[in-house]
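Participant: Next up, start01.txt (compact mmCIF, C-alpha atoms).
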```
# COMPACT_ATOMS: atom_id res chain seq x y z
CA MET A 1136 -4.42 83.02 -0.47
CA LEU A 1137 -5.83 80.05 -2.37
CA GLN A 1138 -5.52 82.08 -5.53
CA GLU A 1139 -1.79 82.41 -4.95
CA PHE A 1140 -1.55 78.61 -4.93
CA GLY A 1141 -3.55 78.26 -8.13
CA CYS A 1142 -2.63 77.93 -11.77
CA ALA A 1143 -3.21 79.42 -15.20
CA GLY A 1144 -6.88 79.48 -16.08
CA ASP A 1145 -8.21 80.26 -12.63
CA VAL A 1146 -11.09 82.72 -12.74
CA LEU A 1147 -12.00 85.04 -9.94
CA ILE A 1148 -15.65 85.93 -9.41
CA GLU A 1149 -15.95 88.50 -6.69
CA ARG A 1150 -19.73 88.79 -6.53
CA PRO A 1151 -21.55 85.71 -7.71
CA GLY A 1152 -24.56 86.64 -9.80
CA SER A 1153 -23.43 90.17 -10.55
CA LYS A 1154 -21.90 89.24 -13.92
CA PRO A 1155 -22.52 86.52 -16.50
CA TRP A 1156 -20.96 83.20 -15.63
CA PRO A 1157 -17.53 82.92 -17.31
CA ALA A 1158 -17.27 80.90 -20.53
CA ALA A 1159 -14.28 78.99 -19.19
CA PRO A 1160 -13.27 76.82 -17.52
CA LEU A 1161 -16.07 74.41 -18.32
CA SER A 1162 -15.12 71.99 -15.57
CA GLY A 1163 -13.11 71.85 -12.39
CA PRO A 1164 -13.55 72.90 -8.80
CA ILE A 1165 -15.40 76.06 -7.83
CA TYR A 1166 -14.12 77.22 -4.47
CA VAL A 1167 -16.58 79.07 -2.28
CA CYS A 1168 -14.23 81.34 -0.41
CA SER A 1169 -13.36 84.94 0.25
CA ASN A 1170 -10.71 87.22 -1.15
CA LEU A 1171 -8.49 87.30 1.91
CA CYS A 1172 -6.89 84.66 4.08
CA VAL A 1173 -9.09 81.59 4.33
CA ALA A 1174 -8.01 81.15 7.91
CA THR A 1175 -9.76 84.29 9.00
CA ASN A 1176 -12.12 85.22 6.19
CA LEU A 1177 -14.77 82.77 5.15
CA PRO A 1178 -18.08 83.70 3.57
CA ARG A 1179 -20.99 83.81 5.89
CA CYS A 1180 -23.17 80.77 5.67
CA THR A 1181 -26.16 82.99 5.11
CA GLN A 1182 -24.63 83.84 1.73
CA LEU A 1183 -24.32 80.26 0.63
CA ALA A 1184 -27.79 79.99 -0.87
CA ALA A 1185 -27.06 82.98 -3.08
CA VAL A 1186 -23.74 81.47 -4.10
CA VAL A 1187 -25.39 78.21 -5.13
CA ASP A 1188 -28.18 80.03 -6.94
CA ALA A 1189 -25.63 82.06 -8.91
CA THR A 1190 -23.89 78.90 -10.08
CA PRO A 1191 -25.22 77.24 -13.25
CA CYS A 1192 -27.13 74.06 -12.40
CA GLU A 1193 -24.74 71.87 -14.33
CA ARG A 1194 -21.76 73.23 -12.36
CA ARG A 1195 -23.19 73.12 -8.84
CA GLY A 1196 -21.72 69.68 -8.26
CA ASP A 1197 -18.28 71.28 -8.66
CA LEU A 1198 -18.71 73.64 -5.71
CA VAL A 1199 -16.16 73.26 -2.93
CA PHE A 1200 -17.47 74.41 0.45
CA LEU A 1201 -14.92 75.63 2.98
CA GLN A 1202 -17.26 76.81 5.70
CA ASN A 1203 -17.05 76.16 9.43
CA ALA A 1204 -20.57 74.83 9.75
CA MET A 1205 -22.69 71.73 9.46
CA LEU A 1206 -23.93 72.00 5.89
CA ASP A 1207 -25.55 68.58 5.68
CA THR A 1208 -29.14 69.81 5.65
CA PHE A 1209 -28.36 72.76 3.37
CA LEU A 1210 -26.60 70.52 0.86
CA ALA A 1211 -29.25 67.81 1.02
CA GLN A 1212 -31.97 70.34 0.28
CA ARG A 1213 -30.13 71.26 -2.91
CA ASP A 1214 -29.25 67.73 -3.93
CA LEU A 1215 -25.59 68.49 -3.23
CA ASN A 1216 -24.92 65.75 -0.70
CA ARG A 1217 -21.78 64.72 -2.56
CA ALA A 1218 -20.36 68.21 -2.97
CA THR A 1219 -16.72 68.66 -2.03
CA GLN A 1220 -16.21 70.02 1.46
CA ALA A 1221 -13.18 70.88 3.56
CA VAL A 1222 -12.51 71.47 7.23
CA LEU A 1223 -9.72 74.00 7.58
CA TYR A 1224 -7.25 74.16 10.43
CA LEU A 1225 -5.20 77.17 9.41
CA ARG A 1226 -4.21 80.33 11.15
CA ALA A 1227 -3.27 83.70 9.82
CA ASN A 1228 0.38 84.48 9.24
CA GLY A 1229 0.39 88.00 7.88
CA LYS A 1230 -1.62 87.86 4.66
CA SER A 1231 -0.98 84.18 4.27
CA ALA A 1232 -1.76 81.17 6.44
CA VAL A 1233 -0.01 78.29 8.15
CA ASP A 1234 -1.23 74.97 9.48
CA ILE A 1235 -2.51 74.94 13.03
CA ALA A 1236 -0.57 71.74 13.63
CA ASP A 1237 3.09 71.36 12.80
CA SER A 1238 4.29 68.18 11.15
CA GLU A 1239 5.42 66.65 14.42
CA ASP A 1240 2.31 67.34 16.44
CA THR A 1241 -0.35 64.69 16.05
CA ALA A 1242 -2.36 65.99 18.97
CA LEU A 1243 -3.67 68.93 17.00
CA PRO A 1244 -6.32 68.58 14.29
CA SER A 1245 -5.45 69.22 10.66
CA THR A 1246 -7.16 70.19 7.44
CA CYS A 1247 -9.05 67.53 5.52
CA ALA A 1248 -11.41 67.38 2.55
CA THR A 1249 -13.81 64.99 0.91
CA GLY A 1250 -15.51 64.80 -2.45
CA GLN A 1251 -14.51 64.77 -6.10
CA TRP A 1252 -12.34 67.88 -5.87
CA ALA A 1253 -10.73 67.08 -2.54
CA GLU A 1254 -7.44 66.06 -4.14
CA ALA A 1255 -7.36 69.19 -6.28
CA PHE A 1256 -7.90 71.27 -3.17
CA ALA A 1257 -5.21 69.38 -1.28
CA ALA A 1258 -2.80 69.89 -4.17
CA ARG A 1259 -3.51 73.60 -4.18
CA LEU A 1260 -2.82 73.84 -0.46
CA ALA A 1261 0.34 71.79 -0.87
CA LYS A 1262 1.70 74.50 -3.16
CA GLY A 1263 1.62 76.77 -0.14
CA ASP A 1264 3.16 74.10 2.07
CA LEU A 1265 -0.18 73.58 3.79
CA SER A 1266 -1.39 70.13 4.76
CA CYS A 1267 -4.67 68.59 3.67
CA SER A 1268 -5.69 64.98 3.75
CA VAL A 1269 -8.36 63.47 1.55
CA CYS A 1270 -10.85 61.30 3.35
CA ALA A 1271 -14.08 59.42 2.76
CA ALA A 1272 -17.40 61.02 3.57
CA PRO A 1273 -17.93 59.30 6.95
CA GLU A 1274 -14.48 60.25 8.20
CA PHE A 1275 -14.99 63.78 6.95
CA ALA A 1276 -18.30 64.02 8.78
CA SER A 1277 -16.47 63.09 11.97
CA ALA A 1278 -13.88 65.79 11.33
CA MET A 1279 -16.53 68.38 10.56
CA LEU A 1280 -18.45 67.44 13.69
CA GLU A 1281 -15.28 67.77 15.73
CA LYS A 1282 -14.60 71.28 14.50
CA HIS A 1283 -18.26 72.20 14.79
CA VAL A 1284 -18.29 71.08 18.41
CA SER A 1285 -15.14 73.09 19.13
CA ILE A 1286 -16.66 76.25 17.67
CA CYS A 1287 -20.01 75.77 19.40
CA VAL A 1288 -18.56 74.96 22.81
CA HIS A 1289 -15.86 77.59 22.83
CA ASN A 1290 -18.21 80.33 21.70
CA LEU A 1291 -20.89 79.25 24.12
CA VAL A 1292 -18.60 79.10 27.15
CA GLY A 1293 -16.93 82.35 26.15
CA GLN A 1294 -20.23 84.17 25.92
CA LEU A 1295 -21.64 82.64 29.09
CA HIS A 1296 -18.75 84.24 30.94
CA GLY A 1297 -18.93 87.70 29.51
CA GLY A 1298 -17.21 87.43 26.15
CA LEU A 1299 -13.93 85.64 26.68
CA SER A 1300 -11.29 84.96 24.06
CA VAL A 1301 -10.78 81.33 23.03
CA GLY A 1302 -7.61 81.27 25.09
CA GLU A 1303 -9.49 82.47 28.15
CA VAL A 1304 -12.13 79.79 27.60
CA GLY A 1305 -9.27 77.32 27.93
CA ALA A 1306 -8.65 78.30 31.55
CA ALA A 1307 -8.67 75.48 34.10
CA LYS A 1308 -11.71 76.88 35.88
CA TYR A 1309 -13.86 76.25 32.79
CA GLU A 1310 -12.51 72.76 32.11
CA THR A 1311 -15.45 70.87 33.61
CA GLU A 1312 -17.92 73.05 31.76
CA ARG A 1313 -16.05 72.56 28.47
CA ARG A 1314 -15.75 68.82 28.81
CA GLU A 1315 -19.39 68.34 29.76
CA LEU A 1316 -20.46 70.25 26.67
CA TYR A 1317 -17.92 68.45 24.45
CA ASP A 1318 -19.29 65.13 25.62
CA GLU A 1319 -22.91 66.11 25.16
CA LEU A 1320 -22.49 67.60 21.70
CA LEU A 1321 -20.13 64.89 20.43
CA THR A 1322 -22.47 62.15 21.59
CA VAL A 1323 -25.60 63.56 20.06
CA GLY A 1324 -23.88 64.97 16.98
CA ALA A 1325 -22.23 61.64 16.16
CA ALA A 1326 -25.51 59.83 16.60
CA SER A 1327 -27.34 62.32 14.42
CA LEU A 1328 -24.75 61.98 11.66
CA ASN A 1329 -24.31 58.26 12.23
CA VAL A 1330 -20.53 58.67 12.52
CA ARG A 1331 -17.82 58.00 15.06
CA PRO A 1332 -15.41 60.56 16.48
CA LEU A 1333 -12.04 60.55 14.71
CA GLU A 1334 -9.18 58.62 16.15
CA ALA A 1335 -6.12 60.59 17.18
CA GLY A 1336 -3.57 61.07 14.44
CA SER A 1337 -5.63 59.30 11.80
CA ARG A 1338 -5.46 62.17 9.36
CA ARG A 1339 -1.84 63.10 9.84
CA VAL A 1340 -0.68 59.85 8.29
CA GLN A 1341 -2.44 60.63 5.05
CA ILE A 1342 -1.09 64.15 4.86
CA HIS A 1343 2.49 63.12 4.19
CA ILE A 1344 1.34 60.87 1.39
CA GLN A 1345 -0.58 63.70 -0.18
CA ALA A 1346 2.31 66.10 -0.27
CA SER A 1347 4.46 63.90 -2.46
CA LEU A 1348 1.93 62.22 -4.73
CA LEU A 1349 -0.51 64.91 -5.73
CA PRO A 1350 -0.62 65.99 -9.38
CA CYS A 1351 -0.64 69.57 -10.59
CA VAL A 1352 -3.68 71.67 -9.90
CA GLY A 1353 -6.38 72.21 -12.51
CA ALA A 1354 -7.96 75.55 -13.16
CA GLY A 1355 -10.89 76.49 -11.00
CA VAL A 1356 -13.52 79.16 -10.88
CA TRP A 1357 -13.46 81.21 -7.73
CA LEU A 1358 -16.54 82.42 -6.04
CA MET A 1359 -15.42 85.29 -3.90
CA GLU A 1360 -17.64 86.99 -1.43
CA GLY A 1361 -16.55 90.11 0.40
CA PRO A 1362 -14.18 90.03 3.36
CA GLN A 1363 -15.65 88.18 6.30
CA ASP A 1364 -14.36 87.34 9.70
CA TYR A 1365 -13.70 83.90 11.08
CA ASN A 1366 -16.33 83.62 13.77
CA MET B 212 -28.16 62.10 8.43
CA VAL B 213 -30.27 59.64 10.32
CA ASP B 214 -33.32 60.31 12.41
CA GLY B 215 -31.96 61.00 15.86
CA GLY B 216 -34.63 59.36 17.98
CA ALA B 217 -33.71 58.64 21.59
CA ALA B 218 -33.39 54.90 21.03
CA GLY B 219 -31.22 55.48 17.94
CA LEU B 220 -28.92 57.83 19.81
CA GLN B 221 -28.16 55.23 22.45
CA LEU B 222 -27.60 52.50 19.92
CA ILE B 223 -25.20 54.38 17.69
CA THR B 224 -23.05 55.93 20.40
CA ALA B 225 -22.56 52.76 22.39
CA GLY B 226 -18.98 51.56 22.69
CA LEU B 227 -17.16 54.76 21.76
CA PRO B 228 -15.60 55.99 25.02
CA GLY B 229 -12.01 55.46 23.84
CA ARG B 230 -12.41 57.51 20.70
CA ARG B 231 -14.31 60.13 22.65
CA VAL B 232 -11.37 60.72 24.96
CA GLU B 233 -9.02 61.19 22.00
CA THR B 234 -11.37 63.64 20.33
CA VAL B 235 -11.79 65.69 23.49
CA GLU B 236 -8.05 65.89 23.96
CA ARG B 237 -7.70 67.17 20.40
CA LEU B 238 -10.40 69.76 21.03
CA GLU B 239 -8.50 70.91 24.09
CA ALA B 240 -5.26 71.12 22.12
CA TYR B 241 -6.97 73.14 19.39
CA LEU B 242 -8.29 75.54 22.01
CA GLN B 243 -4.74 76.35 23.06
CA ALA B 244 -3.59 76.79 19.46
CA ILE B 245 -5.84 79.77 18.70
CA PRO B 246 -5.96 81.73 21.98
CA GLN B 247 -6.40 85.11 20.35
CA PHE B 248 -9.67 84.28 18.60
CA PRO B 249 -12.70 86.03 20.09
CA THR B 250 -15.83 84.10 21.03
CA VAL B 251 -19.14 85.20 19.61
CA MET B 252 -22.57 83.77 18.99
CA LYS B 253 -23.55 84.45 15.41
CA GLU B 254 -24.84 82.57 12.41
CA PHE B 255 -26.87 80.71 14.99
CA GLU B 256 -28.78 78.60 12.49
CA TRP B 257 -25.51 77.22 11.15
CA ARG B 258 -23.68 76.80 14.42
CA ASN B 259 -25.31 76.05 17.79
CA GLY B 260 -28.65 76.09 16.02
CA TRP B 261 -27.76 72.77 14.40
CA PHE B 262 -27.74 71.19 17.86
CA ASP B 263 -30.69 73.22 19.07
CA ALA B 264 -32.73 71.84 16.17
CA ILE B 265 -32.05 68.33 17.49
CA SER B 266 -33.23 69.35 20.95
CA ARG B 267 -36.38 70.93 19.56
CA ARG B 268 -37.13 67.92 17.42
CA GLU B 269 -36.81 65.54 20.34
CA ARG B 270 -38.95 67.68 22.62
CA ALA B 271 -41.57 68.05 19.92
CA ALA B 272 -41.70 64.25 19.70
CA GLY B 273 -42.31 64.04 23.44
CA ARG B 274 -38.83 62.69 24.19
CA PRO B 275 -36.26 64.09 26.64
CA ASP B 276 -33.87 66.74 25.36
CA PRO B 277 -30.62 64.85 24.59
CA LEU B 278 -28.67 68.12 25.01
CA PRO B 279 -29.82 69.52 28.36
CA ARG B 280 -26.60 71.39 29.15
CA HIS B 281 -26.46 72.98 25.73
CA SER B 282 -30.10 73.99 25.85
CA ALA B 283 -29.73 75.47 29.33
CA ALA B 284 -26.73 77.51 28.19
CA LEU B 285 -28.66 78.84 25.21
CA ARG B 286 -31.53 79.86 27.47
CA GLN B 287 -29.07 81.63 29.76
CA LEU B 288 -27.95 83.68 26.77
CA GLY B 289 -31.53 84.35 25.75
CA LEU B 290 -31.28 82.24 22.61
```
Turn this file's structure into structure tokens for me.

Facilitator:
Amino acid sequence: MLQEFGCAGDVLIERPGSKPWPAAPLSGPIYVCSNLCVATNLPRCTQLAAVVDATPCERRGDLVFLQNAMLDTFLAQRDLNRATQAVLYLRANGKSAVDIADSEDTALPSTCATGQWAEAFAARLAKGDLSCSVCAAPEFASAMLEKHVSICVHNLVGQLHGGLSVGEVGAAKYETERRELYDELLTVGAASLNVRPLEAGSRRVQIHIQASLLPCVGAGVWLMEGPQDYN
Amino acid sequence: MVDGGAAGLQLITAGLPGRRVETVERLEAYLQAIPQFPTVMKEFEWRNGWFDAISRRERAAGRPDPLPRHSAALRQLGL
């Protein structure tokens, strides 16, 4: 999907490390993603080390991580603390994707990114009419923590009760259990990251600015792992 | 990432109840937006393992587990 929103000069690498690194482009973002819809197919985190290793040292700072996971320790261990990252709130729509939140709904979370290639990523998404705000590292950490907590709590509650769907986890009878875990994980996670939870609607304001002001998208190299599922 | 000692946790999270409520409401809204997604425990190191590492670190330092509910749930699942 991201490839569809790209531009001339984009290079697709389906299996990092299996072929020599392409001669061009010499700069620009390197998206770590899969070859299907990013909403439902992200590379497994266990593959990330191999992806980084397959990237030339001088280009590793250009990597753009799109994973649903706390990568702080992984990135710090590789001196990639300032790497571009994004938190995606998309859902599948056939072979494409749409925003989880519509433009009028500020209650729902929305996609955001941080780092040197965050604007390029936002511009690419904007070509597909997808929202993405660019934020500073602390605000991004809050957003990543928020999504991380949602994944951890929903999966945990779902599995504790025999393998529920996310929608079933949302039943009223699990509300107390959900909220107790939200509170516990948000409290400790925010303290560990030294961040504050995001304020409601704070990212939506930036999104509308992005859509109209972003420049054209530069060429990127694509690191494509095989099809993966969301969870 | 800062060292999450017990004293540090209390200091940093003080005074955030208002923002916490907004975040929780957004989490609840997100839950309803993707009802068809399955739940599954995988990539533990990268997901719940991130929190479990905090619990283990605190216990190893002789301090109370700051995530007792989370840890109990993991034990219930044999993780």

Participant: May I have the residues at most 12 Å from (-17.0, 64.0, 15.1) in the file's coordinates, counting all atoms listed in the file, as a tab-separated table (two decimals) with C-alpha atoms, in the frame of the given file?

Facilitator:
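Contents of the output file part.tsv:
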```
chain	number	residue	atom	x	y	z
A	1205	MET	CA	-22.69	71.73	9.46
A	1222	VAL	CA	-12.51	71.47	7.23
A	1244	PRO	CA	-6.32	68.58	14.29
A	1272	ALA	CA	-17.40	61.02	3.57
A	1273	PRO	CA	-17.93	59.30	6.95
A	1274	GLU	CA	-14.48	60.25	8.20
A	1275	PHE	CA	-14.99	63.78	6.95
A	1276	ALA	CA	-18.30	64.02	8.78
A	1277	SER	CA	-16.47	63.09	11.97
A	1278	ALA	CA	-13.88	65.79	11.33
A	1279	MET	CA	-16.53	68.38	10.56
A	1280	LEU	CA	-18.45	67.44	13.69
A	1281	GLU	CA	-15.28	67.77	15.73
A	1282	LYS	CA	-14.60	71.28	14.50
A	1283	HIS	CA	-18.26	72.20	14.79
A	1284	VAL	CA	-18.29	71.08	18.41
A	1285	SER	CA	-15.14	73.09	19.13
A	1317	TYR	CA	-17.92	68.45	24.45
A	1318	ASP	CA	-19.29	65.13	25.62
A	1319	GLU	CA	-22.91	66.11	25.16
A	1320	LEU	CA	-22.49	67.60	21.70
A	1321	LEU	CA	-20.13	64.89	20.43
A	1322	THR	CA	-22.47	62.15	21.59
A	1323	VAL	CA	-25.60	63.56	20.06
A	1324	GLY	CA	-23.88	64.97	16.98
A	1325	ALA	CA	-22.23	61.64	16.16
A	1326	ALA	CA	-25.51	59.83	16.60
A	1327	SER	CA	-27.34	62.32	14.42
A	1328	LEU	CA	-24.75	61.98	11.66
A	1329	ASN	CA	-24.31	58.26	12.23
A	1330	VAL	CA	-20.53	58.67	12.52
A	1331	ARG	CA	-17.82	58.00	15.06
A	1332	PRO	CA	-15.41	60.56	16.48
A	1333	LEU	CA	-12.04	60.55	14.71
A	1334	GLU	CA	-9.18	58.62	16.15
A	1335	ALA	CA	-6.12	60.59	17.18
B	224	THR	CA	-23.05	55.93	20.40
B	227	LEU	CA	-17.16	54.76	21.76
B	230	ARG	CA	-12.41	57.51	20.70
B	231	ARG	CA	-14.31	60.13	22.65
B	232	VAL	CA	-11.37	60.72	24.96
B	233	GLU	CA	-9.02	61.19	22.00
B	234	THR	CA	-11.37	63.64	20.33
B	235	VAL	CA	-11.79	65.69	23.49
B	237	ARG	CA	-7.70	67.17	20.40
B	238	LEU	CA	-10.40	69.76	21.03
```

Participant: For atom CA of B:Gln287 and atom CA of A:Leu1295, determine how far apart the two atoms are, in Å to one decimal place.

Facilitator: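 Distance reported for this atom pair: 7.5 Å.
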
Participant: Compare A:Met1136, A:Ala1354, A:Gln1182, A:Gly1152 by their minimum atom-to-atom distance to A:Arg1226, counting all atoms listed in the file, and give me the closest one.

Facilitator: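 That would be A:Met1136, the residue with the smallest distance to A:Arg1226.
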
Participant: State, in Å with one decimal place, the distance from atom CA of B:Leu242 to atom CA of B:Asn259.

Facilitator: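 Going from atom CA of B:Leu242 over to atom CA of B:Asn259 covers 17.5 Å.
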
Participant: Counting only C-alpha atoms, figure out which residue out of B:Leu290, B:Val251, B:Ala283, B:Ala271 gets nearest to chain A.

Facilitator: B:Val251

Participant: Figure out the distance between atom CA of A:Ala1255 and atom CA of A:Val1186, please, to one decimal in Å.

Facilitator: 20.6 Å

Participant: Which is closest to chain B among A:Ala1253, A:Ala1236, A:Ala1258, A:Cys1267, if we use all atoms listed in the file?

Facilitator: A:Ala1236

Participant: Ranking A:Gly1141, A:Gly1302, A:Pro1164, A:Gly1293 by minimum distance to A:Arg1195 and counting all atoms listed in the file, which one comes first?

Facilitator: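 Smallest distance to A:Arg1195 is found for A:Pro1164.
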
Participant: In terms of the shortest atom-to-atom distance over all atoms listed in the file, which of A:Val1304, A:Val1356, A:Ile1286, A:Ala1232 is closest to A:Cys1168?

Facilitator: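 The shortest atom-to-atom distance to A:Cys1168 comes from A:Val1356.
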
Participant: For each of A:Asp1145, A:Asp1188, A:Glu1193, A:Glu1315, take the minimum atom-to-atom distance to chain B, counting all atoms listed in the file, then give the residue where this is smallest.

Facilitator: A:Glu1315

Participant: As a PDB file, in the frame of the given file, please: stretch 1250-1275 of chain A completed to N, CA and C atoms.

Facilitator:
```pdb
ATOM      1  N   GLY A1250     -14.764  64.489  -1.245  1.00  0.00           N
ATOM      2  CA  GLY A1250     -15.510  64.800  -2.450  1.00  0.00           C
ATOM      3  C   GLY A1250     -14.628  64.772  -3.682  1.00  0.00           C
ATOM      4  N   GLN A1251     -15.241  64.965  -4.845  1.00  0.00           N
ATOM      5  CA  GLN A1251     -14.510  64.770  -6.100  1.00  0.00           C
ATOM      6  C   GLN A1251     -13.348  65.747  -6.302  1.00  0.00           C
ATOM      7  N   TRP A1252     -13.423  66.916  -5.692  1.00  0.00           N
ATOM      8  CA  TRP A1252     -12.340  67.880  -5.870  1.00  0.00           C
ATOM      9  C   TRP A1252     -11.440  67.983  -4.647  1.00  0.00           C
ATOM     10  N   ALA A1253     -11.545  67.033  -3.756  1.00  0.00           N
ATOM     11  CA  ALA A1253     -10.730  67.080  -2.540  1.00  0.00           C
ATOM     12  C   ALA A1253      -9.237  67.009  -2.855  1.00  0.00           C
ATOM     13  N   GLU A1254      -8.872  66.163  -3.812  1.00  0.00           N
ATOM     14  CA  GLU A1254      -7.440  66.060  -4.140  1.00  0.00           C
ATOM     15  C   GLU A1254      -6.929  67.326  -4.807  1.00  0.00           C
ATOM     16  N   ALA A1255      -7.764  67.921  -5.649  1.00  0.00           N
ATOM     17  CA  ALA A1255      -7.360  69.190  -6.280  1.00  0.00           C
ATOM     18  C   ALA A1255      -7.153  70.263  -5.223  1.00  0.00           C
ATOM     19  N   PHE A1256      -8.032  70.294  -4.246  1.00  0.00           N
ATOM     20  CA  PHE A1256      -7.900  71.270  -3.170  1.00  0.00           C
ATOM     21  C   PHE A1256      -6.642  71.000  -2.354  1.00  0.00           C
ATOM     22  N   ALA A1257      -6.407  69.738  -2.045  1.00  0.00           N
ATOM     23  CA  ALA A1257      -5.210  69.380  -1.280  1.00  0.00           C
ATOM     24  C   ALA A1257      -3.944  69.767  -2.040  1.00  0.00           C
ATOM     25  N   ALA A1258      -3.968  69.555  -3.357  1.00  0.00           N
ATOM     26  CA  ALA A1258      -2.800  69.890  -4.170  1.00  0.00           C
ATOM     27  C   ALA A1258      -2.558  71.395  -4.162  1.00  0.00           C
ATOM     28  N   ARG A1259      -3.642  72.142  -4.198  1.00  0.00           N
ATOM     29  CA  ARG A1259      -3.510  73.600  -4.180  1.00  0.00           C
ATOM     30  C   ARG A1259      -2.908  74.052  -2.857  1.00  0.00           C
ATOM     31  N   LEU A1260      -3.379  73.487  -1.767  1.00  0.00           N
ATOM     32  CA  LEU A1260      -2.820  73.840  -0.460  1.00  0.00           C
ATOM     33  C   LEU A1260      -1.362  73.421  -0.362  1.00  0.00           C
ATOM     34  N   ALA A1261      -1.039  72.283  -0.948  1.00  0.00           N
ATOM     35  CA  ALA A1261       0.340  71.790  -0.870  1.00  0.00           C
ATOM     36  C   ALA A1261       1.309  72.761  -1.527  1.00  0.00           C
ATOM     37  N   LYS A1262       0.842  73.487  -2.536  1.00  0.00           N
ATOM     38  CA  LYS A1262       1.700  74.500  -3.160  1.00  0.00           C
ATOM     39  C   LYS A1262       2.128  75.567  -2.165  1.00  0.00           C
ATOM     40  N   GLY A1263       1.288  75.799  -1.177  1.00  0.00           N
ATOM     41  CA  GLY A1263       1.620  76.770  -0.140  1.00  0.00           C
ATOM     42  C   GLY A1263       2.181  76.114   1.106  1.00  0.00           C
ATOM     43  N   ASP A1264       2.601  74.861   0.963  1.00  0.00           N
ATOM     44  CA  ASP A1264       3.160  74.100   2.070  1.00  0.00           C
ATOM     45  C   ASP A1264       2.142  73.930   3.197  1.00  0.00           C
ATOM     46  N   LEU A1265       0.875  73.821   2.816  1.00  0.00           N
ATOM     47  CA  LEU A1265      -0.180  73.580   3.790  1.00  0.00           C
ATOM     48  C   LEU A1265      -0.678  72.144   3.653  1.00  0.00           C
ATOM     49  N   SER A1266      -0.971  71.535   4.758  1.00  0.00           N
ATOM     50  CA  SER A1266      -1.390  70.130   4.760  1.00  0.00           C
ATOM     51  C   SER A1266      -2.885  70.003   4.487  1.00  0.00           C
ATOM     52  N   CYS A1267      -3.256  68.921   3.826  1.00  0.00           N
ATOM     53  CA  CYS A1267      -4.670  68.590   3.670  1.00  0.00           C
ATOM     54  C   CYS A1267      -4.756  67.119   3.309  1.00  0.00           C
ATOM     55  N   SER A1268      -5.485  66.383   4.084  1.00  0.00           N
ATOM     56  CA  SER A1268      -5.690  64.980   3.750  1.00  0.00           C
ATOM     57  C   SER A1268      -7.030  64.810   3.061  1.00  0.00           C
ATOM     58  N   VAL A1269      -7.126  63.785   2.248  1.00  0.00           N
ATOM     59  CA  VAL A1269      -8.360  63.470   1.550  1.00  0.00           C
ATOM     60  C   VAL A1269      -8.986  62.271   2.249  1.00  0.00           C
ATOM     61  N   CYS A1270     -10.232  62.394   2.608  1.00  0.00           N
ATOM     62  CA  CYS A1270     -10.850  61.300   3.350  1.00  0.00           C
ATOM     63  C   CYS A1270     -12.235  60.989   2.796  1.00  0.00           C
ATOM     64  N   ALA A1271     -12.747  59.832   3.176  1.00  0.00           N
ATOM     65  CA  ALA A1271     -14.080  59.420   2.760  1.00  0.00           C
ATOM     66  C   ALA A1271     -15.128  60.215   3.512  1.00  0.00           C
ATOM     67  N   ALA A1272     -16.333  60.201   2.996  1.00  0.00           N
ATOM     68  CA  ALA A1272     -17.400  61.020   3.570  1.00  0.00           C
ATOM     69  C   ALA A1272     -17.646  60.757   5.059  1.00  0.00           C
ATOM     70  N   PRO A1273     -17.684  59.512   5.514  1.00  0.00           N
ATOM     71  CA  PRO A1273     -17.930  59.300   6.950  1.00  0.00           C
ATOM     72  C   PRO A1273     -16.834  59.883   7.831  1.00  0.00           C
ATOM     73  N   GLU A1274     -15.575  59.703   7.410  1.00  0.00           N
ATOM     74  CA  GLU A1274     -14.480  60.250   8.200  1.00  0.00           C
ATOM     75  C   GLU A1274     -14.522  61.779   8.182  1.00  0.00           C
ATOM     76  N   PHE A1275     -14.883  62.327   7.022  1.00  0.00           N
ATOM     77  CA  PHE A1275     -14.990  63.780   6.950  1.00  0.00           C
ATOM     78  C   PHE A1275     -16.092  64.290   7.876  1.00  0.00           C
TER      79      PHE A1275
END
```
